[in-house]
Amino acid sequence: MTELRELYQQVILDHNRNPRNFGALENADRHKEGYNPLCGDHLHIYLNVDGEDLITDIHFDGSGCAISKASASLMTQMVKGKTAQEARDAFERFQSLVTSEMDTPVDLEEVGKLAVFAGVREFPMRVKCATLAWHTMKSALDGKHDSQITTE
Ligand code: ZN
């Protein structure tokens, strides 16, 4: 378990240092700002959606703790090229992963790389850091333009 935990930490550190899909997306057709006042994480999510369905591109920028940035980075990798419904399903799986009881086994096949965030279950304050980008992405998909969401 210790080795697994170290691996998880490496993935989070890597995505924090070299966030994927980082930077504003020019001509994004959806933009959403998310704020987690408990920690001070402040992210912007930019989306291009083909028609109403396919997420052709997704970027993020902003500032926040390692967990919020790594989560945003992995989230963009996961939902890019997916349909809006698949992205919503991934949101649900992520949400239930990080809010499940500590002893709930993690289904690696189902959550894949997101399993690295299973560790935040030990730290309820960190759950909001990990889910901020996901809530913001979902809200952008729901089409609520340019209003800020917060985790409160
Ligand atoms: Zn945070």
# chains A, B, ... in the order shown; residues from 1 in each chain; ligands from 1
$ select_by_dssp --residues "stretch 36-147 of chain A" --states "strand (DSSP E or B)" --output "list in words"
Asn36, Asp41, His42, Leu43, His44, Ile45, Tyr46, Leu47, Asn48, Val49, Asp50, Leu54, Ile55, Thr56, Asp57, Ile58, His59, Phe60, Asp61, Gly62, Ser63 and Thr83 of chain A
$ residues_near_ligand --ligand "ligand 1" --cutoff "10 Å" --atoms "only C-alpha atoms and all ligand atoms" --output "short mmCIF file (atom, residue, chain, number, x, y, z; two decimals) with N, CA and C atoms, in the first residue's frame"
data_model
loop_
_atom_site.label_atom_id
_atom_site.label_comp_id
_atom_site.auth_asym_id
_atom_site.auth_seq_id
_atom_site.Cartn_x
_atom_site.Cartn_y
_atom_site.Cartn_z
N TYR A 35 -14.45 28.40 -7.84
CA TYR A 35 -13.71 28.92 -6.69
C TYR A 35 -13.98 28.06 -5.46
N ASN A 36 -12.93 27.69 -4.78
CA ASN A 36 -13.06 26.94 -3.54
C ASN A 36 -12.52 27.80 -2.39
N PRO A 37 -13.42 28.51 -1.70
CA PRO A 37 -12.95 29.46 -0.68
C PRO A 37 -12.23 28.80 0.50
N LEU A 38 -12.51 27.52 0.73
CA LEU A 38 -11.87 26.85 1.86
C LEU A 38 -10.36 26.79 1.70
N CYS A 39 -9.91 26.65 0.45
CA CYS A 39 -8.48 26.46 0.19
C CYS A 39 -7.91 27.63 -0.62
N GLY A 40 -8.79 28.34 -1.34
CA GLY A 40 -8.33 29.42 -2.20
C GLY A 40 -8.09 28.98 -3.64
N ASP A 41 -8.50 27.77 -3.99
CA ASP A 41 -8.34 27.30 -5.38
C ASP A 41 -9.26 28.08 -6.29
N HIS A 42 -8.70 28.53 -7.40
CA HIS A 42 -9.45 29.39 -8.31
C HIS A 42 -9.13 28.98 -9.74
N SER A 63 -5.14 29.24 -10.47
CA SER A 63 -4.17 28.86 -9.46
C SER A 63 -4.86 28.07 -8.36
N GLY A 64 -4.08 27.25 -7.71
CA GLY A 64 -4.66 26.45 -6.64
C GLY A 64 -3.63 25.49 -6.08
N CYS A 65 -4.04 24.70 -5.13
CA CYS A 65 -3.13 23.75 -4.51
C CYS A 65 -2.83 22.60 -5.49
N ALA A 66 -1.86 21.78 -5.14
CA ALA A 66 -1.44 20.68 -6.02
C ALA A 66 -2.60 19.76 -6.36
N ILE A 67 -3.45 19.47 -5.38
CA ILE A 67 -4.55 18.53 -5.63
C ILE A 67 -5.55 19.12 -6.62
N SER A 68 -5.89 20.39 -6.45
CA SER A 68 -6.88 20.99 -7.36
C SER A 68 -6.33 21.08 -8.79
N LYS A 69 -5.04 21.41 -8.92
CA LYS A 69 -4.47 21.52 -10.26
C LYS A 69 -4.29 20.16 -10.92
N MET A 125 -11.46 17.98 3.93
CA MET A 125 -11.23 19.33 3.42
C MET A 125 -10.71 19.30 1.98
N ARG A 126 -9.98 18.24 1.65
CA ARG A 126 -9.35 18.14 0.33
C ARG A 126 -10.30 17.67 -0.75
N VAL A 127 -11.44 17.13 -0.33
CA VAL A 127 -12.39 16.64 -1.33
C VAL A 127 -12.84 17.79 -2.23
N LYS A 128 -13.00 18.97 -1.63
CA LYS A 128 -13.44 20.12 -2.43
C LYS A 128 -12.36 20.58 -3.41
N CYS A 129 -11.11 20.41 -3.01
CA CYS A 129 -10.01 20.72 -3.94
C CYS A 129 -10.07 19.79 -5.14
N ALA A 130 -10.27 18.50 -4.84
CA ALA A 130 -10.24 17.49 -5.90
C ALA A 130 -11.44 17.59 -6.84
N THR A 131 -12.59 18.03 -6.31
CA THR A 131 -13.79 18.04 -7.14
C THR A 131 -14.06 19.39 -7.82
N LEU A 132 -13.29 20.42 -7.45
CA LEU A 132 -13.58 21.76 -7.99
C LEU A 132 -13.63 21.79 -9.52
#
$ atom_distance --atom1 "atom CA of A:Pro105" --atom2 "atom CA of A:Asn16"
25.9 Å
$ residues_around --residues "A:Glu109" --least-positions-apart "5" --cutoff "12 Å" --atoms "only C-alpha atoms" --output "ChimeraX atom specification"
/A:93,114-115
$ atom_distance --atom1 "atom CA of A:Gly34" --atom2 "atom CA of A:Ile55"
19.0 Å
$ residues_around --residues "A:Val111" --least-positions-apart "6" --cutoff "12 Å" --atoms "only C-alpha atoms" --output "list in words"
Leu74, Met75, Met78, Asp89, Ala90, Phe91, Glu92, Arg93, Phe94, Gln95, Ser96, Leu97, Val98, Pro105, Phe117 and Ala118 of chain A
$ write_last_selection --atoms "N, CA, C and O atoms" --output "PDB file, in the first residue's frame"
ATOM      1  N   LEU A  74      -5.891  16.080 -14.928  1.00  0.00           N
ATOM      2  CA  LEU A  74      -6.351  14.732 -15.269  1.00  0.00           C
ATOM      3  C   LEU A  74      -7.775  14.745 -15.825  1.00  0.00           C
ATOM      4  O   LEU A  74      -8.104  13.994 -16.743  1.00  0.00           O
ATOM      5  N   MET A  75      -8.593  15.622 -15.285  1.00  0.00           N
ATOM      6  CA  MET A  75      -9.973  15.726 -15.754  1.00  0.00           C
ATOM      7  C   MET A  75     -10.010  16.136 -17.221  1.00  0.00           C
ATOM      8  O   MET A  75     -10.728  15.540 -18.020  1.00  0.00           O
ATOM      9  N   MET A  78      -9.161  13.323 -19.375  1.00  0.00           N
ATOM     10  CA  MET A  78     -10.174  12.262 -19.399  1.00  0.00           C
ATOM     11  C   MET A  78     -11.377  12.585 -20.247  1.00  0.00           C
ATOM     12  O   MET A  78     -11.964  11.708 -20.852  1.00  0.00           O
ATOM     13  N   ASP A  89     -20.965  11.204 -16.726  1.00  0.00           N
ATOM     14  CA  ASP A  89     -20.812   9.898 -16.057  1.00  0.00           C
ATOM     15  C   ASP A  89     -19.487   9.841 -15.308  1.00  0.00           C
ATOM     16  O   ASP A  89     -19.415   9.333 -14.184  1.00  0.00           O
ATOM     17  N   ALA A  90     -18.425  10.364 -15.941  1.00  0.00           N
ATOM     18  CA  ALA A  90     -17.110  10.372 -15.298  1.00  0.00           C
ATOM     19  C   ALA A  90     -17.147  11.239 -14.042  1.00  0.00           C
ATOM     20  O   ALA A  90     -16.550  10.901 -13.021  1.00  0.00           O
ATOM     21  N   PHE A  91     -17.865  12.358 -14.115  1.00  0.00           N
ATOM     22  CA  PHE A  91     -18.043  13.221 -12.939  1.00  0.00           C
ATOM     23  C   PHE A  91     -18.676  12.437 -11.789  1.00  0.00           C
ATOM     24  O   PHE A  91     -18.208  12.489 -10.653  1.00  0.00           O
ATOM     25  N   GLU A  92     -19.737  11.699 -12.111  1.00  0.00           N
ATOM     26  CA  GLU A  92     -20.434  10.920 -11.077  1.00  0.00           C
ATOM     27  C   GLU A  92     -19.497   9.890 -10.433  1.00  0.00           C
ATOM     28  O   GLU A  92     -19.495   9.709  -9.224  1.00  0.00           O
ATOM     29  N   ARG A  93     -18.714   9.213 -11.282  1.00  0.00           N
ATOM     30  CA  ARG A  93     -17.803   8.194 -10.753  1.00  0.00           C
ATOM     31  C   ARG A  93     -16.738   8.834  -9.864  1.00  0.00           C
ATOM     32  O   ARG A  93     -16.402   8.302  -8.812  1.00  0.00           O
ATOM     33  N   PHE A  94     -16.234   9.984 -10.298  1.00  0.00           N
ATOM     34  CA  PHE A  94     -15.199  10.662  -9.522  1.00  0.00           C
ATOM     35  C   PHE A  94     -15.762  11.136  -8.181  1.00  0.00           C
ATOM     36  O   PHE A  94     -15.160  10.938  -7.125  1.00  0.00           O
ATOM     37  N   GLN A  95     -16.938  11.736  -8.244  1.00  0.00           N
ATOM     38  CA  GLN A  95     -17.601  12.227  -7.037  1.00  0.00           C
ATOM     39  C   GLN A  95     -17.830  11.092  -6.043  1.00  0.00           C
ATOM     40  O   GLN A  95     -17.569  11.243  -4.851  1.00  0.00           O
ATOM     41  N   SER A  96     -18.286   9.930  -6.526  1.00  0.00           N
ATOM     42  CA  SER A  96     -18.548   8.859  -5.575  1.00  0.00           C
ATOM     43  C   SER A  96     -17.239   8.241  -5.072  1.00  0.00           C
ATOM     44  O   SER A  96     -17.163   7.792  -3.931  1.00  0.00           O
ATOM     45  N   LEU A  97     -16.195   8.283  -5.920  1.00  0.00           N
ATOM     46  CA  LEU A  97     -14.887   7.782  -5.463  1.00  0.00           C
ATOM     47  C   LEU A  97     -14.372   8.606  -4.279  1.00  0.00           C
ATOM     48  O   LEU A  97     -13.981   8.048  -3.250  1.00  0.00           O
ATOM     49  N   VAL A  98     -14.378   9.922  -4.405  1.00  0.00           N
ATOM     50  CA  VAL A  98     -13.742  10.744  -3.366  1.00  0.00           C
ATOM     51  C   VAL A  98     -14.636  10.965  -2.151  1.00  0.00           C
ATOM     52  O   VAL A  98     -14.167  11.458  -1.133  1.00  0.00           O
ATOM     53  N   PRO A 105     -13.527  -0.522  -1.549  1.00  0.00           N
ATOM     54  CA  PRO A 105     -12.477  -0.830  -2.514  1.00  0.00           C
ATOM     55  C   PRO A 105     -12.595   0.050  -3.759  1.00  0.00           C
ATOM     56  O   PRO A 105     -13.697   0.396  -4.181  1.00  0.00           O
ATOM     57  N   PHE A 117      -6.789   9.834  -6.655  1.00  0.00           N
ATOM     58  CA  PHE A 117      -7.461  10.756  -5.740  1.00  0.00           C
ATOM     59  C   PHE A 117      -8.221  10.054  -4.616  1.00  0.00           C
ATOM     60  O   PHE A 117      -8.843  10.706  -3.779  1.00  0.00           O
ATOM     61  N   ALA A 118      -8.157   8.718  -4.611  1.00  0.00           N
ATOM     62  CA  ALA A 118      -8.829   7.981  -3.539  1.00  0.00           C
ATOM     63  C   ALA A 118      -8.271   8.416  -2.183  1.00  0.00           C
ATOM     64  O   ALA A 118      -8.969   8.391  -1.170  1.00  0.00           O
TER      65      ALA A 118
END
$ select_by_dssp --residues "chain A" --states "alpha helix (DSSP H)" --output "tab-separated table (two decimals) with N, CA, C and O atoms, in the first residue's frame"
chain	number	residue	atom	x	y	z
A	2	THR	N	2.03	1.19	0.69
A	2	THR	CA	2.91	2.36	0.73
A	2	THR	C	3.42	2.70	-0.66
A	2	THR	O	3.42	3.86	-1.06
A	3	GLU	N	3.81	1.66	-1.40
A	3	GLU	CA	4.29	1.90	-2.77
A	3	GLU	C	3.22	2.52	-3.64
A	3	GLU	O	3.48	3.40	-4.43
A	4	LEU	N	2.01	1.99	-3.46
A	4	LEU	CA	0.89	2.50	-4.25
A	4	LEU	C	0.66	3.97	-3.91
A	4	LEU	O	0.47	4.81	-4.78
A	5	ARG	N	0.75	4.28	-2.63
A	5	ARG	CA	0.55	5.67	-2.21
A	5	ARG	C	1.62	6.59	-2.80
A	5	ARG	O	1.33	7.71	-3.21
A	6	GLU	N	2.85	6.10	-2.83
A	6	GLU	CA	3.92	6.91	-3.42
A	6	GLU	C	3.68	7.15	-4.90
A	6	GLU	O	3.92	8.23	-5.42
A	7	LEU	N	3.21	6.11	-5.56
A	7	LEU	CA	2.91	6.24	-6.98
A	7	LEU	C	1.83	7.30	-7.17
A	7	LEU	O	1.91	8.15	-8.06
A	8	TYR	N	0.80	7.26	-6.34
A	8	TYR	CA	-0.28	8.23	-6.43
A	8	TYR	C	0.26	9.64	-6.26
A	8	TYR	O	-0.08	10.56	-6.99
A	9	GLN	N	1.14	9.79	-5.26
A	9	GLN	CA	1.69	11.12	-5.01
A	9	GLN	C	2.51	11.60	-6.21
A	9	GLN	O	2.48	12.78	-6.55
A	10	GLN	N	3.22	10.68	-6.84
A	10	GLN	CA	4.01	11.07	-8.01
A	10	GLN	C	3.13	11.57	-9.14
A	10	GLN	O	3.46	12.53	-9.82
A	11	VAL	N	2.00	10.88	-9.36
A	11	VAL	CA	1.09	11.30	-10.42
A	11	VAL	C	0.57	12.71	-10.13
A	11	VAL	O	0.54	13.58	-11.00
A	12	ILE	N	0.20	12.95	-8.88
A	12	ILE	CA	-0.33	14.27	-8.51
A	12	ILE	C	0.75	15.34	-8.64
A	12	ILE	O	0.51	16.41	-9.21
A	13	LEU	N	1.97	15.03	-8.19
A	13	LEU	CA	3.06	16.01	-8.32
A	13	LEU	C	3.38	16.30	-9.78
A	13	LEU	O	3.62	17.44	-10.16
A	14	ASP	N	3.38	15.26	-10.59
A	14	ASP	CA	3.67	15.43	-12.01
A	14	ASP	C	2.64	16.34	-12.68
A	14	ASP	O	3.00	17.27	-13.40
A	15	HIS	N	1.37	16.08	-12.42
A	15	HIS	CA	0.33	16.90	-13.05
A	15	HIS	C	0.30	18.31	-12.48
A	15	HIS	O	-0.12	19.25	-13.15
A	16	ASN	N	0.75	18.45	-11.24
A	16	ASN	CA	0.82	19.79	-10.67
A	16	ASN	C	1.95	20.60	-11.31
A	16	ASN	O	1.79	21.77	-11.64
A	17	ARG	N	3.08	19.93	-11.51
A	17	ARG	CA	4.23	20.62	-12.10
A	17	ARG	C	4.05	20.87	-13.59
A	17	ARG	O	4.45	21.90	-14.11
A	66	ALA	N	-1.86	21.78	-5.14
A	66	ALA	CA	-1.44	20.68	-6.02
A	66	ALA	C	-2.60	19.76	-6.36
A	66	ALA	O	-2.75	19.33	-7.51
A	67	ILE	N	-3.45	19.47	-5.38
A	67	ILE	CA	-4.55	18.53	-5.63
A	67	ILE	C	-5.55	19.12	-6.62
A	67	ILE	O	-5.99	18.45	-7.55
A	68	SER	N	-5.89	20.39	-6.45
A	68	SER	CA	-6.88	20.99	-7.36
A	68	SER	C	-6.33	21.08	-8.79
A	68	SER	O	-7.05	20.84	-9.75
A	69	LYS	N	-5.04	21.41	-8.92
A	69	LYS	CA	-4.47	21.52	-10.26
A	69	LYS	C	-4.29	20.16	-10.92
A	69	LYS	O	-4.59	19.98	-12.10
A	70	ALA	N	-3.81	19.19	-10.15
A	70	ALA	CA	-3.62	17.85	-10.72
A	70	ALA	C	-4.97	17.25	-11.11
A	70	ALA	O	-5.09	16.60	-12.15
A	71	SER	N	-5.97	17.50	-10.31
A	71	SER	CA	-7.30	16.98	-10.62
A	71	SER	C	-7.85	17.61	-11.89
A	71	SER	O	-8.41	16.93	-12.76
A	72	ALA	N	-7.66	18.92	-12.04
A	72	ALA	CA	-8.12	19.61	-13.25
A	72	ALA	C	-7.38	19.08	-14.47
A	72	ALA	O	-7.97	18.84	-15.52
A	73	SER	N	-6.07	18.86	-14.32
A	73	SER	CA	-5.26	18.38	-15.43
A	73	SER	C	-5.72	16.99	-15.89
A	73	SER	O	-5.93	16.75	-17.08
A	74	LEU	N	-5.89	16.08	-14.93
A	74	LEU	CA	-6.35	14.73	-15.27
A	74	LEU	C	-7.78	14.74	-15.83
A	74	LEU	O	-8.10	13.99	-16.74
A	75	MET	N	-8.59	15.62	-15.28
A	75	MET	CA	-9.97	15.73	-15.75
A	75	MET	C	-10.01	16.14	-17.22
A	75	MET	O	-10.73	15.54	-18.02
A	76	THR	N	-9.19	17.14	-17.59
A	76	THR	CA	-9.21	17.57	-19.00
A	76	THR	C	-8.76	16.43	-19.91
A	76	THR	O	-9.32	16.23	-20.97
A	77	GLN	N	-7.76	15.68	-19.46
A	77	GLN	CA	-7.30	14.54	-20.27
A	77	GLN	C	-8.39	13.50	-20.45
A	77	GLN	O	-8.52	12.87	-21.48
A	78	MET	N	-9.16	13.32	-19.38
A	78	MET	CA	-10.17	12.26	-19.40
A	78	MET	C	-11.38	12.58	-20.25
A	78	MET	O	-11.96	11.71	-20.85
A	79	VAL	N	-11.80	13.86	-20.25
A	79	VAL	CA	-13.06	14.16	-20.93
A	79	VAL	C	-12.88	14.69	-22.36
A	79	VAL	O	-13.84	14.75	-23.11
A	84	ALA	N	-20.67	14.73	-23.97
A	84	ALA	CA	-21.09	15.41	-22.74
A	84	ALA	C	-21.62	14.39	-21.73
A	84	ALA	O	-21.36	14.49	-20.54
A	85	GLN	N	-22.35	13.40	-22.23
A	85	GLN	CA	-22.89	12.38	-21.32
A	85	GLN	C	-21.78	11.56	-20.67
A	85	GLN	O	-21.82	11.28	-19.47
A	86	GLU	N	-20.78	11.19	-21.46
A	86	GLU	CA	-19.66	10.43	-20.89
A	86	GLU	C	-18.92	11.26	-19.84
A	86	GLU	O	-18.47	10.74	-18.82
A	87	ALA	N	-18.81	12.56	-20.09
A	87	ALA	CA	-18.15	13.44	-19.13
A	87	ALA	C	-18.96	13.54	-17.84
A	87	ALA	O	-18.40	13.54	-16.74
A	88	ARG	N	-20.28	13.59	-17.98
A	88	ARG	CA	-21.14	13.63	-16.78
A	88	ARG	C	-21.03	12.32	-16.00
A	88	ARG	O	-21.00	12.33	-14.77
A	89	ASP	N	-20.96	11.20	-16.73
A	89	ASP	CA	-20.81	9.90	-16.06
A	89	ASP	C	-19.49	9.84	-15.31
A	89	ASP	O	-19.41	9.33	-14.18
A	90	ALA	N	-18.42	10.36	-15.94
A	90	ALA	CA	-17.11	10.37	-15.30
A	90	ALA	C	-17.15	11.24	-14.04
A	90	ALA	O	-16.55	10.90	-13.02
A	91	PHE	N	-17.87	12.36	-14.11
A	91	PHE	CA	-18.04	13.22	-12.94
A	91	PHE	C	-18.68	12.44	-11.79
A	91	PHE	O	-18.21	12.49	-10.65
A	92	GLU	N	-19.74	11.70	-12.11
A	92	GLU	CA	-20.43	10.92	-11.08
A	92	GLU	C	-19.50	9.89	-10.43
A	92	GLU	O	-19.49	9.71	-9.22
A	93	ARG	N	-18.71	9.21	-11.28
A	93	ARG	CA	-17.80	8.19	-10.75
A	93	ARG	C	-16.74	8.83	-9.86
A	93	ARG	O	-16.40	8.30	-8.81
A	94	PHE	N	-16.23	9.98	-10.30
A	94	PHE	CA	-15.20	10.66	-9.52
A	94	PHE	C	-15.76	11.14	-8.18
A	94	PHE	O	-15.16	10.94	-7.12
A	95	GLN	N	-16.94	11.74	-8.24
A	95	GLN	CA	-17.60	12.23	-7.04
A	95	GLN	C	-17.83	11.09	-6.04
A	95	GLN	O	-17.57	11.24	-4.85
A	96	SER	N	-18.29	9.93	-6.53
A	96	SER	CA	-18.55	8.86	-5.58
A	96	SER	C	-17.24	8.24	-5.07
A	96	SER	O	-17.16	7.79	-3.93
A	97	LEU	N	-16.20	8.28	-5.92
A	97	LEU	CA	-14.89	7.78	-5.46
A	97	LEU	C	-14.37	8.61	-4.28
A	97	LEU	O	-13.98	8.05	-3.25
A	98	VAL	N	-14.38	9.92	-4.40
A	98	VAL	CA	-13.74	10.74	-3.37
A	98	VAL	C	-14.64	10.96	-2.15
A	98	VAL	O	-14.17	11.46	-1.13
A	99	THR	N	-15.92	10.60	-2.25
A	99	THR	CA	-16.79	10.77	-1.09
A	99	THR	C	-17.18	9.43	-0.47
A	99	THR	O	-17.99	9.39	0.45
A	108	LEU	N	-10.28	-0.15	-9.98
A	108	LEU	CA	-9.28	0.47	-10.86
A	108	LEU	C	-9.71	0.51	-12.30
A	108	LEU	O	-9.42	1.46	-13.04
A	109	GLU	N	-10.41	-0.53	-12.73
A	109	GLU	CA	-10.82	-0.58	-14.12
A	109	GLU	C	-11.82	0.53	-14.43
A	109	GLU	O	-11.82	1.11	-15.50
A	110	GLU	N	-12.65	0.80	-13.44
A	110	GLU	CA	-13.69	1.80	-13.68
A	110	GLU	C	-13.14	3.22	-13.60
A	110	GLU	O	-13.48	4.07	-14.42
A	111	VAL	N	-12.30	3.51	-12.63
A	111	VAL	CA	-11.86	4.90	-12.45
A	111	VAL	C	-10.49	5.20	-13.05
A	111	VAL	O	-10.12	6.35	-13.19
A	124	PRO	N	-11.32	15.20	4.42
A	124	PRO	CA	-12.56	15.79	3.89
A	124	PRO	C	-12.37	17.20	3.34
A	124	PRO	O	-13.02	17.57	2.36
A	125	MET	N	-11.46	17.98	3.93
A	125	MET	CA	-11.23	19.33	3.42
A	125	MET	C	-10.71	19.30	1.98
A	125	MET	O	-10.93	20.24	1.21
A	126	ARG	N	-9.98	18.24	1.65
A	126	ARG	CA	-9.35	18.14	0.33
A	126	ARG	C	-10.30	17.67	-0.75
A	126	ARG	O	-10.00	17.78	-1.94
A	127	VAL	N	-11.44	17.13	-0.33
A	127	VAL	CA	-12.39	16.64	-1.33
A	127	VAL	C	-12.84	17.79	-2.23
A	127	VAL	O	-12.97	17.64	-3.44
A	128	LYS	N	-13.00	18.97	-1.63
A	128	LYS	CA	-13.44	20.12	-2.43
A	128	LYS	C	-12.36	20.58	-3.41
A	128	LYS	O	-12.67	21.08	-4.49
A	129	CYS	N	-11.11	20.41	-3.01
A	129	CYS	CA	-10.01	20.72	-3.94
A	129	CYS	C	-10.07	19.79	-5.14
A	129	CYS	O	-9.93	20.21	-6.28
A	130	ALA	N	-10.27	18.50	-4.84
A	130	ALA	CA	-10.24	17.49	-5.90
A	130	ALA	C	-11.44	17.59	-6.84
A	130	ALA	O	-11.34	17.29	-8.02
A	131	THR	N	-12.59	18.03	-6.31
A	131	THR	CA	-13.79	18.04	-7.14
A	131	THR	C	-14.06	19.39	-7.82
A	131	THR	O	-14.94	19.47	-8.66
A	132	LEU	N	-13.29	20.42	-7.45
A	132	LEU	CA	-13.58	21.76	-7.99
A	132	LEU	C	-13.63	21.79	-9.52
A	132	LEU	O	-14.60	22.28	-10.11
A	133	ALA	N	-12.59	21.26	-10.16
A	133	ALA	CA	-12.54	21.30	-11.63
A	133	ALA	C	-13.71	20.51	-12.23
A	133	ALA	O	-14.26	20.90	-13.26
A	134	TRP	N	-14.06	19.43	-11.58
A	134	TRP	CA	-15.16	18.60	-12.09
A	134	TRP	C	-16.50	19.31	-12.00
A	134	TRP	O	-17.29	19.30	-12.94
A	135	HIS	N	-16.75	19.94	-10.85
A	135	HIS	CA	-18.00	20.70	-10.71
A	135	HIS	C	-18.05	21.83	-11.74
A	135	HIS	O	-19.10	22.10	-12.33
A	136	THR	N	-16.90	22.47	-11.95
A	136	THR	CA	-16.86	23.60	-12.87
A	136	THR	C	-17.09	23.13	-14.31
A	136	THR	O	-17.84	23.75	-15.07
A	137	MET	N	-16.47	21.99	-14.67
A	137	MET	CA	-16.67	21.42	-16.00
A	137	MET	C	-18.13	21.06	-16.22
A	137	MET	O	-18.72	21.36	-17.25
A	138	LYS	N	-18.74	20.43	-15.23
A	138	LYS	CA	-20.13	20.00	-15.37
A	138	LYS	C	-21.05	21.21	-15.53
A	138	LYS	O	-21.96	21.21	-16.36
A	139	SER	N	-20.77	22.22	-14.76
A	139	SER	CA	-21.58	23.42	-14.83
A	139	SER	C	-21.42	24.12	-16.19
A	139	SER	O	-22.39	24.65	-16.75
A	140	ALA	N	-20.20	24.09	-16.74
A	140	ALA	CA	-19.98	24.64	-18.08
A	140	ALA	C	-20.77	23.84	-19.11
A	140	ALA	O	-21.36	24.40	-20.04
A	141	LEU	N	-20.80	22.52	-18.94
A	141	LEU	CA	-21.56	21.67	-19.86
A	141	LEU	C	-23.05	21.97	-19.77
A	141	LEU	O	-23.77	21.94	-20.75
$ atom_distance --atom1 "atom CA of A:Asn48" --atom2 "atom CA of A:Leu25"
8.5 Å
$ residues_around --residues "stretch 49-52 of chain A" --least-positions-apart "3" --cutoff "9 Å" --atoms "only C-alpha atoms" --output "list in words"
Ala28, Asp29, Arg30, Ile55, Thr56, Asp57, Ile58, Thr83, Ala84 and Leu141 of chain A
$ closest_residue --among "A:Val116, A:Leu54, A:Asp61, A:Ser100" --to "A:Arg20" --atoms "only C-alpha atoms"
A:Asp61
$ residues_around --residues "A:His44" --least-positions-apart "2" --cutoff "6 Å" --atoms "only C-alpha atoms" --output "PDB file with C-alpha atoms, in the first residue's frame"
ATOM      1  CA  LYS A  32     -16.726  28.752 -16.357  1.00  0.00           C
ATOM      2  CA  GLU A  33     -14.971  29.978 -13.264  1.00  0.00           C
ATOM      3  CA  PHE A  60      -8.037  25.120 -17.765  1.00  0.00           C
ATOM      4  CA  ASP A  61      -6.000  27.764 -16.045  1.00  0.00           C
ATOM      5  CA  GLY A  62      -5.893  29.531 -12.727  1.00  0.00           C
TER       6      GLY A  62
END
